[in-house]
Every structure is written in C-alpha cells, then in structure tokens.
Amino acid sequence: MLLVQHIRDHYDQVLAGLNKRNLKNAASALQQVLALDDLRKSSQTQRDQLQAEANTISKEIGILMKEGKTAEATAVRDRSALLKNQIKELEEQHEQAEEELKALLYTLPNVPYAAVPAGKSAEDNEVVLSHGEIPALWDGKLPHWELIKKYDIIDFDLGVKIAGAGFPVYKGKGARLQRALINFFLDQALAAGYVEVQPPILVNEDSGYGTGQLPDKEGQMYFANEDKLYLIPTAEVPITNMYRDVLVNASDLPIKNVGYTPCFRREAGSWGAHVRGLNRLHQFDKVEIVQITHPENSYATLEDMSAYVQGLLQKLELPYRVLRLCGGDMGFTSAMTYDMEVYSAAQERWLEVSSVSNFETYQANRLKLRFKGEDKKSLLAHTLNGSALALPRIVASILENNQEPDGIRMPKVLHPYLGFDRI
RNA sequence: AGAGAGUUGGGUGAGUGGCUGAAACCAACAGUUUGCUAAACUGUCGUACGGGUUAUACUGUACCGGGGGUUCGAAUCCCCCACUCUCUGCCA
C-alpha cells in the first residue's frame with residue numbers, strides 16, 4: 001500500500017499516477033487520506049498528553065500509598081478517573097481514523113512508474129520488442145486441444161471426472177514434458193543465482209494481505225474454510241511472505257529466490273470460447289522468481305529479470321514479444337510490468353506466458369519488509385517477481401508451433417530432461 | 001484429535017501489581033589498550049507512531065504472541081484466540 005508520507009510529499013505526482021491508471025475519484029481519495037491522517041495525528045497528540053498526565057498521577061499514588069498517606073492518595077485517584085474517560089474518547093477517535101485510513105489505502109493501487117504508458121486496456125500496451133520468426137504451418141495444422149487428443153498426452157475429460165473443468169490430467173509424454181519443463185526452469189534459475197525454495201501452497205490470511213491478494217481478490221482464490229487457508233494463486237504469495245516482518249541487512253540484498261509450485265485460480269466468471277484447452281486453467285504449474293532489492297537497483301533488476309525470462313523463451317525456440325503494460329492494464333500492486341507473450345501458431349495469436357513486475361515499496365510496506373542501510377536507518381525494500389515460466393501456454397505453444405504431420409518436435413534444450421525428442 | 005507445558009528485546013534467558021522498556025549473558029557497533037588475523041576494558045546498542053528541530057538534540061505515548069477485562073497503576077491477575085513444544089492417538 002502507498003505511504004501516506006509519500007502522498008504528502010509528492011501529491012501531484014501520485015495523483016497523476018493514479019489518473020494514469022484511470023482510477024476514479026483519485027483526487028478526492030487522496031484528499032481524504034490526508035484528512036484522515038491529520039485527524040489521526042491530532043487525536044494521538046491529545047491522547048498522548050492526557051495519558052502522560054495520567055501516568056504521572058499513577059506514580060504519585062504509588063508513592064503516597066507507600067508513605068501511608070491513604071487519604072491523599074484517594075483524592076488524587078479521583079482526578080485520574082476523570083482523565084480516563086477523556087482518554088478513552090480520544091483513543092476511539094484515533095483508532096477509528098487509523099482504521100479508516102488503512103481501509104482507504106487498501107483501495108488505492110500502486111503509482112505507475114514514469115516509463116509506464118498511459119492507456120485504458122490491453123490494446124494500449126506498448127510492444128517493446130519482438131523476437132523469433134512466426135512458423136508457417138501447413139494447412140493440416142491443429143490447435144493444441146486437438147493435438148493433445150491425437151497423441152493422448154493431456155486428458156481434460158478425465159480431469160473433469162476427478163475434479164472438474166480446468167483440472168487436466170497429464171499423461172505419458174505429456175506428464176514427462178511437465179516435469180522436464182519444471183526441472184529445466186529451476187536449473188536455469190539456479191544457474192542465474194537464484195536460491196531454490198519449496199514453500200507451502202496453502203497460506204494464511206496474513207500472507208494474503210502481505211502481497212495484496214486480500215482484501216481485494218478473495219473471490220479468485222480457493223479457500224479451505226475449516227482451516228482458514230487459501231490455495232495460492234502464485235508462488236509469489238508464499239515466497240514473498242517469507243520476508244514479512246523481516247529486517248534484513250543492506251549487505252544481504254539482493255535476495256533472489258526461485259520456486260516451483262502448482263497454482264490455483266478460481267477464475268470465477270471469466271470462461272469463454274477463447275480460453276479453450278490450456279489457455280486458462282484452475283490448476284497449473286509455474287516456476288516463479290522473486291527478488292528483494294535495494295530501492296536504487298529495482299529497475300535495473302526488472303530489466304535483468306525481463307532479459308532472463310526472454311533467455312528462457314529463446315532457449316525453447318519460441319517466438320515472443322515483450323509488452324510494457326499501460327496504466328489501465330497493470331496489476332493493482334505493480335509499478336511497472338512487462339508481459340512476455342509467445343506466439344501460438346495454430347491459434348494464430350499471442351499468449352501471455354510471463355509477467356515480470358516491480359512493486360517498489362507497495363508490497364514491502366504491507367509486509368513490513370525493511371533493510372538496515374549504512375546510516376542505520378531502516379528503509380522499505382523493493383520487491384519484484386516474475387513467472388519463469390508458467391507451463392500451460394508454453395506447452396500449448398511448443399505443441400502447436402513444432403507440430404509436423406507425423407509428430408511434434410521437442411526443443412533441443414529439453415531433450416536431456418525428457419528422454420525423448422518427439423511426441 | 002486428547003492431555004500437559006509454553007510464547008519476554010538480534011539470540012539465550014530473568015522477572016507473580018508501582019523503583020521494569022524490561023536484569024544477566026551472548027552477538028553487534030564505537031573507542032581505549034596490548035606490536036601482531038586474538039584478548040581485555042569502556043561505552044553504545046529495540047520498534048512504531050506523535051511533538052519538536054534546518055537537521056540533530058530533546059521529548060510524549062504505545063508495544064513483553066494477538067485481542068479484551070480487573071486496577072489509580074499490568075510483562076506480572078482474569079477471559080478469549082492464535083501459535084509452538086512434549087506425551088498419547090492417527091498417518092505418508
């Protein structure tokens with residue numbers, strides 16, 4: 001969430017940023033933030049003064065009692081009872097202002113970075129670069145949902161029987177392709193200096209708030225009611241929350257973690273003809289990279305992470321393009337996001353396979369993730385993450401782009417992981 | 001799931017109503033000293049939010065797992081919740 005002090009100090013910039021996101025009523029919301037913060041401060045000042053007086057009186061009573069001056073002690077005691085009521089009132093005012101302020105701040109998205117283009121929807125995203133050639137396929141080409149049936153490698157119907165729509169069963173070479181991709185992605189990340197972690201895939205409410213899924217998107221997460229745990233929509237949640245309430249040394253930065261997890265998304269109400277096959281699932285596999293950096297380095301790191309993800313796509317020989325998301329299309333908590341899209345040659349359209357974002361201090365503020373700098377003051381760190389990569393659409397693209405009349409070629413880098421080179 | 005014990009500052013750990021924001025030890029930081037990758041000594045050493053200051057200084061309040069209560073006054077007493085550990089049960 002945004003820092004009130006930052007809103008105060010850079011009011012115009014914050015307002016312009018929120019407008020870039022097309023946030024309604026941004027100006028009035030910011031005004032209200034400042035008003036609530038003023039109220040919070042003034043009520044605290046008053047309360048603290050009265051409390052100080054009450055504390056002094058209590059000490060006096062203690063001394064009088066000790067000296068056996070009971071009558072005097074009783075007289076002073078009455079005075080303190082009066083103070084108590086006033087303090088209670090101010091306390092309530094203070095708490096209410098604080099709660100309202102917090103609730104309001106939760107509704108404000110992150111301020112986009114200067115380089116983020118203005119725009120309202122995905123159509124306004126900026127294509128930063130394209131790489132690779134779009135394969136020309138013969139007329140008999142099939143979309144991946146046909147290919148998986150033809151070669152019997154992924155079974156949606158079986159998944160429906162076991163769980164429901166959007167829970168595919170990977171079989172035979174299909175299952176091995178999953179495992180190969182996961183291992184390939186993890187190995188690549190290790191080589192790039194990321195430390196592997198295997199986090200829980202159910203998380204508590206605090207973690208949901210920490211990375212910003214709550215209070216906004218509870219409808220998108222599966223919830224285990226009996227134990228009040230959420231199934232993670234992405235490994236970003238457990239991995240970033242490892243650093244909740246943590247004060248690290250500046251010398252420990254950057255922290256680089258990678259983790260493979262299944263991801264679960266309810267995707268309530270967003271199904272349609274355009275999300276056939278592997279394009280959208282309730283459960284899928286993803287390798288996620290997370291970095292925690294010094295604020296000065298976060299944008300250089302964002303570029304690094306973007307280049308890293310592109311390297312994966314190049315090794316997989318997939319044609320891709322990189323988008324810089326516009327203000328209107330960016331996620332709630334992000335300050336800048338690159339989306340990587342792979343061309344799926346049978347569907348003849350671009351599929352998002354990765355999203356790399358810098359959250360600046362937005363998550364760190366909620367997480368209370370700080371580092372101790374050289375001046376020994378603690379500052380909020382910057383958090384970043386990216387998919388590296390999400391499997392289903394990568395699989396879809398590999399299947400579609402590499403199909404031949406008698407089989408499907410597998411990318412060379414995967415051969416050692418697969419133990420076969422064609423499906 | 002049942003029974004019991006516990007949760008204190010970066011760590012270990014004392015503390016059963018006022019002199020405790022909290023002993024002691026360790027770690028860390030700064031300095032002194034001994035001519036040698038070390039030791040000794042001294043000092044500093046929590047966080048958050050306010051007030052105040054050009055910035056410091058200074059100062060107020062809160063915080064001993066979380067929330068509530070009793071009291072003039074709570075780390076300390078009472079209630080609820082969460083978590084951890086031990087034993088039993090179950091189990092990959």
# chains A, B, ... in the order shown; residues from 1 in each chain; ligands from 1

$ interface_residues --of "chain B" --to "chain A" --cutoff "8 Å" --atoms "only C-alpha atoms (C1' of nucleotides)" --output "ChimeraX atom specification"
/B:18,50-51,60-61,72-73

$ write_last_selection --atoms "all heavy atoms" --output "short mmCIF file (atom, residue, chain, number, x, y, z; two decimals), in the first residue's frame"
data_model
loop_
_atom_site.label_atom_id
_atom_site.label_comp_id
_atom_site.auth_asym_id
_atom_site.auth_seq_id
_atom_site.Cartn_x
_atom_site.Cartn_y
_atom_site.Cartn_z
P G B 18 5.01 -4.06 41.72
OP1 G B 18 6.35 -4.58 41.46
OP2 G B 18 4.57 -3.87 43.08
"O5'" G B 18 4.80 -2.69 40.98
"C5'" G B 18 5.34 -2.34 39.75
"C4'" G B 18 5.15 -0.85 39.64
"O4'" G B 18 3.95 -0.51 40.39
"C3'" G B 18 6.28 -0.05 40.24
"O3'" G B 18 6.78 0.77 39.19
"C2'" G B 18 5.67 0.79 41.35
"O2'" G B 18 5.97 2.19 41.11
"C1'" G B 18 4.18 0.68 41.11
N9 G B 18 3.26 0.63 42.22
C8 G B 18 3.29 -0.10 43.36
N7 G B 18 2.21 0.04 44.09
C5 G B 18 1.42 0.93 43.37
C6 G B 18 0.13 1.46 43.65
O6 G B 18 -0.62 1.23 44.58
N1 G B 18 -0.29 2.33 42.65
C2 G B 18 0.43 2.65 41.55
N2 G B 18 -0.12 3.50 40.70
N3 G B 18 1.64 2.15 41.26
C4 G B 18 2.06 1.31 42.21
P G B 50 3.01 9.51 12.41
OP1 G B 50 2.17 9.90 11.28
OP2 G B 50 4.49 9.66 12.33
"O5'" G B 50 2.51 10.27 13.70
"C5'" G B 50 3.24 11.38 14.18
"C4'" G B 50 2.64 11.83 15.47
"O4'" G B 50 3.00 10.89 16.53
"C3'" G B 50 3.16 13.17 15.94
"O3'" G B 50 2.43 14.23 15.36
"C2'" G B 50 2.96 13.08 17.45
"O2'" G B 50 1.61 13.27 17.80
"C1'" G B 50 3.35 11.62 17.69
N9 G B 50 4.79 11.45 17.91
C8 G B 50 5.68 10.75 17.14
N7 G B 50 6.90 10.80 17.59
C5 G B 50 6.82 11.59 18.73
C6 G B 50 7.83 11.99 19.64
O6 G B 50 9.04 11.72 19.63
N1 G B 50 7.31 12.79 20.65
C2 G B 50 6.00 13.16 20.78
N2 G B 50 5.70 13.93 21.81
N3 G B 50 5.05 12.79 19.93
C4 G B 50 5.52 12.00 18.94
P G B 51 3.19 15.47 14.73
OP1 G B 51 2.16 16.34 14.13
OP2 G B 51 4.32 14.99 13.94
"O5'" G B 51 3.76 16.18 16.04
"C5'" G B 51 2.87 16.69 17.00
"C4'" G B 51 3.64 17.22 18.18
"O4'" G B 51 4.31 16.12 18.86
"C3'" G B 51 4.77 18.18 17.85
"O3'" G B 51 4.31 19.49 17.60
"C2'" G B 51 5.61 18.09 19.12
"O2'" G B 51 5.03 18.83 20.17
"C1'" G B 51 5.50 16.60 19.45
N9 G B 51 6.64 15.85 18.88
C8 G B 51 6.64 15.00 17.80
N7 G B 51 7.82 14.48 17.55
C5 G B 51 8.64 15.02 18.53
C6 G B 51 10.02 14.83 18.77
O6 G B 51 10.82 14.12 18.15
N1 G B 51 10.46 15.57 19.86
C2 G B 51 9.66 16.39 20.62
N2 G B 51 10.26 17.03 21.63
N3 G B 51 8.37 16.57 20.42
C4 G B 51 7.92 15.86 19.35
P G B 60 9.47 12.28 28.24
OP1 G B 60 9.19 12.30 29.69
OP2 G B 60 10.38 11.26 27.67
"O5'" G B 60 8.10 12.18 27.46
"C5'" G B 60 7.01 13.01 27.84
"C4'" G B 60 5.82 12.70 26.98
"O4'" G B 60 6.14 12.96 25.59
"C3'" G B 60 5.40 11.22 26.96
"O3'" G B 60 4.62 10.89 28.09
"C2'" G B 60 4.62 11.13 25.66
"O2'" G B 60 3.34 11.72 25.81
"C1'" G B 60 5.47 12.03 24.75
N9 G B 60 6.45 11.28 23.99
C8 G B 60 7.81 11.18 24.24
N7 G B 60 8.43 10.44 23.36
C5 G B 60 7.44 10.02 22.49
C6 G B 60 7.51 9.21 21.34
O6 G B 60 8.50 8.67 20.84
N1 G B 60 6.27 9.03 20.74
C2 G B 60 5.10 9.59 21.21
N2 G B 60 4.01 9.31 20.51
N3 G B 60 5.02 10.36 22.28
C4 G B 60 6.22 10.53 22.87
P U B 61 4.65 9.42 28.63
OP1 U B 61 3.89 9.42 29.90
OP2 U B 61 6.03 8.89 28.61
"O5'" U B 61 3.80 8.65 27.53
"C5'" U B 61 2.44 8.98 27.32
"C4'" U B 61 1.92 8.24 26.11
"O4'" U B 61 2.64 8.66 24.93
"C3'" U B 61 2.12 6.74 26.15
"O3'" U B 61 1.16 6.08 26.95
"C2'" U B 61 2.00 6.39 24.67
"O2'" U B 61 0.65 6.43 24.25
"C1'" U B 61 2.74 7.56 24.03
N1 U B 61 4.15 7.26 23.77
C2 U B 61 4.45 6.53 22.65
O2 U B 61 3.59 6.13 21.87
N3 U B 61 5.78 6.27 22.44
C4 U B 61 6.83 6.67 23.24
O4 U B 61 7.98 6.37 22.94
C5 U B 61 6.44 7.42 24.41
C6 U B 61 5.15 7.68 24.62
P C B 72 -9.57 1.91 40.56
OP1 C B 72 -9.86 2.55 41.86
OP2 C B 72 -10.63 1.71 39.56
"O5'" C B 72 -8.38 2.71 39.87
"C5'" C B 72 -8.64 3.95 39.22
"C4'" C B 72 -7.33 4.67 38.98
"O4'" C B 72 -6.74 5.02 40.26
"C3'" C B 72 -6.26 3.83 38.31
"O3'" C B 72 -6.41 3.82 36.91
"C2'" C B 72 -4.98 4.55 38.74
"O2'" C B 72 -4.78 5.73 38.00
"C1'" C B 72 -5.33 4.92 40.18
N1 C B 72 -4.86 3.91 41.15
C2 C B 72 -3.49 3.83 41.43
O2 C B 72 -2.71 4.59 40.85
N3 C B 72 -3.04 2.93 42.31
C4 C B 72 -3.91 2.11 42.92
N4 C B 72 -3.42 1.23 43.79
C5 C B 72 -5.31 2.16 42.65
C6 C B 72 -5.75 3.07 41.77
P G B 73 -6.22 2.46 36.13
OP1 G B 73 -6.40 2.75 34.70
OP2 G B 73 -7.03 1.42 36.79
"O5'" G B 73 -4.68 2.14 36.39
"C5'" G B 73 -3.69 2.93 35.72
"C4'" G B 73 -2.32 2.50 36.15
"O4'" G B 73 -2.20 2.64 37.59
"C3'" G B 73 -1.98 1.04 35.91
"O3'" G B 73 -1.57 0.82 34.58
"C2'" G B 73 -0.84 0.81 36.90
"O2'" G B 73 0.36 1.36 36.42
"C1'" G B 73 -1.33 1.65 38.08
N9 G B 73 -2.06 0.83 39.05
C8 G B 73 -3.42 0.80 39.26
N7 G B 73 -3.77 -0.04 40.21
C5 G B 73 -2.57 -0.58 40.65
C6 G B 73 -2.32 -1.54 41.67
O6 G B 73 -3.13 -2.11 42.41
N1 G B 73 -0.97 -1.81 41.79
C2 G B 73 0.02 -1.23 41.03
N2 G B 73 1.27 -1.63 41.29
N3 G B 73 -0.20 -0.33 40.08
C4 G B 73 -1.51 -0.06 39.95
#

$ select_by_dssp --residues "region 317-385 of chain A" --states "alpha helix (DSSP H)" --output "JSON, numbers by chain"
{"A": [362, 363, 364, 365, 366, 367]}

$ select_by_dssp --residues "region 79-145 of chain A" --states "strand (DSSP E)" --output "VMD selection string"
chain A and resid 126 to 131

$ atom_distance --atom1 "CA of Asp124 (chain A)" --atom2 "CA of Ala346 (chain A)"
25.0 Å

$ residues_around --residues "region 232-243 of chain A" --least-positions-apart "6" --cutoff "8 Å" --atoms "only C-alpha atoms (C1' of nucleotides)" --output "VMD selection string"
chain A and resid 197 199 to 203 207 to 208 210 to 211 220 to 222 257 259 to 265 286 to 290 367 369 383 385

$ residues_around --residues "C64 (chain B)" --least-positions-apart "3" --cutoff "10 Å" --atoms "only C-alpha atoms (C1' of nucleotides)" --output "number ranges by chain"
B: 7-9, 21-22, 75

$ residues_around --residues "U88 (chain B)" --least-positions-apart "5" --cutoff "12 Å" --atoms "only C-alpha atoms (C1' of nucleotides)" --output "list in words"
A1, G2, A3 and G4 of chain B

$ residues_around --residues "region 394-397 of chain A" --least-positions-apart "4" --cutoff "10 Å" --atoms "only C-alpha atoms (C1' of nucleotides)" --output "CSV table (one decimal) with N, CA and C atoms, in the first residue's frame"
chain,number,residue,atom,x,y,z
A,143,PRO,N,-4.9,-27.0,-33.5
A,143,PRO,CA,-4.7,-26.3,-32.2
A,143,PRO,C,-4.3,-27.3,-31.1
A,144,HIS,N,-3.7,-26.9,-30.1
A,144,HIS,CA,-3.2,-27.8,-29.1
A,144,HIS,C,-4.2,-28.7,-28.5
A,145,TRP,N,-5.5,-28.2,-28.4
A,145,TRP,CA,-6.5,-29.1,-27.7
A,145,TRP,C,-6.9,-30.3,-28.6
A,147,LEU,N,-4.3,-31.5,-30.7
A,147,LEU,CA,-3.1,-32.3,-30.6
A,147,LEU,C,-3.0,-33.2,-29.4
A,148,ILE,N,-3.4,-32.7,-28.3
A,148,ILE,CA,-3.3,-33.5,-27.0
A,148,ILE,C,-4.2,-34.7,-27.1
A,174,GLY,N,3.1,-36.4,-22.0
A,174,GLY,CA,2.6,-35.1,-21.6
A,174,GLY,C,3.0,-34.8,-20.1
A,177,LEU,N,6.7,-34.1,-20.1
A,177,LEU,CA,7.0,-32.8,-20.6
A,177,LEU,C,6.9,-31.7,-19.5
A,178,GLN,N,5.8,-31.9,-18.7
A,178,GLN,CA,5.7,-31.0,-17.5
A,178,GLN,C,6.9,-31.1,-16.6
A,181,LEU,N,10.0,-29.5,-18.1
A,181,LEU,CA,10.0,-28.0,-18.1
A,181,LEU,C,10.2,-27.4,-16.7
A,277,GLY,N,-8.8,-25.3,-24.0
A,277,GLY,CA,-7.6,-26.1,-23.8
A,277,GLY,C,-6.8,-25.6,-22.7
A,278,LEU,N,-5.5,-25.4,-22.9
A,278,LEU,CA,-4.6,-25.0,-21.9
A,278,LEU,C,-4.5,-23.5,-21.6
A,279,ASN,N,-5.3,-22.7,-22.4
A,279,ASN,CA,-5.2,-21.3,-22.3
A,279,ASN,C,-5.6,-20.7,-20.9
A,313,LEU,N,12.8,-18.2,-23.2
A,313,LEU,CA,12.0,-18.4,-24.4
A,313,LEU,C,12.8,-18.6,-25.6
A,316,LEU,N,14.0,-22.1,-25.6
A,316,LEU,CA,12.9,-23.0,-26.0
A,316,LEU,C,12.5,-22.8,-27.5
A,318,LEU,N,11.0,-20.3,-29.0
A,318,LEU,CA,9.6,-19.8,-29.2
A,318,LEU,C,9.6,-18.4,-29.6
A,319,PRO,N,8.9,-18.0,-30.6
A,319,PRO,CA,8.8,-16.6,-31.0
A,319,PRO,C,8.0,-15.9,-29.9
A,341,GLU,N,4.8,-12.5,-24.2
A,341,GLU,CA,3.8,-13.3,-24.9
A,341,GLU,C,4.4,-14.2,-26.0
A,342,VAL,N,4.0,-15.4,-26.1
A,342,VAL,CA,4.5,-16.3,-27.0
A,342,VAL,C,3.5,-16.5,-28.1
A,343,TYR,N,4.0,-16.6,-29.4
A,343,TYR,CA,3.0,-16.8,-30.5
A,343,TYR,C,2.6,-18.3,-30.6
A,344,SER,N,1.4,-18.5,-30.6
A,344,SER,CA,0.9,-19.8,-30.7
A,344,SER,C,0.4,-20.0,-32.2
A,345,ALA,N,1.1,-20.8,-32.9
A,345,ALA,CA,1.0,-20.8,-34.4
A,345,ALA,C,-0.3,-21.4,-34.9
A,346,ALA,N,-1.0,-22.2,-34.2
A,346,ALA,CA,-2.2,-22.8,-34.7
A,346,ALA,C,-3.4,-21.9,-34.3
A,347,GLN,N,-3.3,-21.4,-33.1
A,347,GLN,CA,-4.4,-20.5,-32.7
A,347,GLN,C,-4.2,-19.1,-33.3
A,350,TRP,N,-1.2,-14.3,-29.8
A,350,TRP,CA,-0.2,-14.3,-28.7
A,350,TRP,C,-0.8,-14.7,-27.4
A,351,LEU,N,0.0,-15.5,-26.7
A,351,LEU,CA,-0.4,-16.0,-25.4
A,351,LEU,C,0.5,-15.5,-24.3
A,352,GLU,N,0.0,-14.9,-23.3
A,352,GLU,CA,0.8,-14.4,-22.2
A,352,GLU,C,1.4,-15.6,-21.4
A,353,VAL,N,2.7,-15.6,-21.3
A,353,VAL,CA,3.4,-16.7,-20.6
A,353,VAL,C,4.1,-16.2,-19.4
A,354,SER,N,4.4,-14.9,-19.3
A,354,SER,CA,5.1,-14.4,-18.1
A,354,SER,C,4.7,-13.0,-17.9
A,389,LEU,N,8.9,-20.1,-15.9
A,389,LEU,CA,7.7,-19.6,-16.5
A,389,LEU,C,6.5,-20.4,-16.1
A,390,ALA,N,5.3,-19.9,-16.6
A,390,ALA,CA,4.1,-20.7,-16.4
A,390,ALA,C,4.0,-21.7,-17.5
A,401,ASN,N,3.5,-25.0,-32.4
A,401,ASN,CA,4.5,-24.4,-33.3
A,401,ASN,C,5.4,-25.5,-33.9
A,402,ASN,N,5.6,-26.6,-33.1
A,402,ASN,CA,6.5,-27.6,-33.6
A,402,ASN,C,5.8,-28.8,-34.2
A,403,GLN,N,4.6,-28.7,-34.4
A,403,GLN,CA,3.9,-29.9,-35.0
A,403,GLN,C,4.3,-30.1,-36.4

$ atom_distance --atom1 "CA of Leu2 (chain A)" --atom2 "CA of Glu218 (chain A)"
20.6 Å
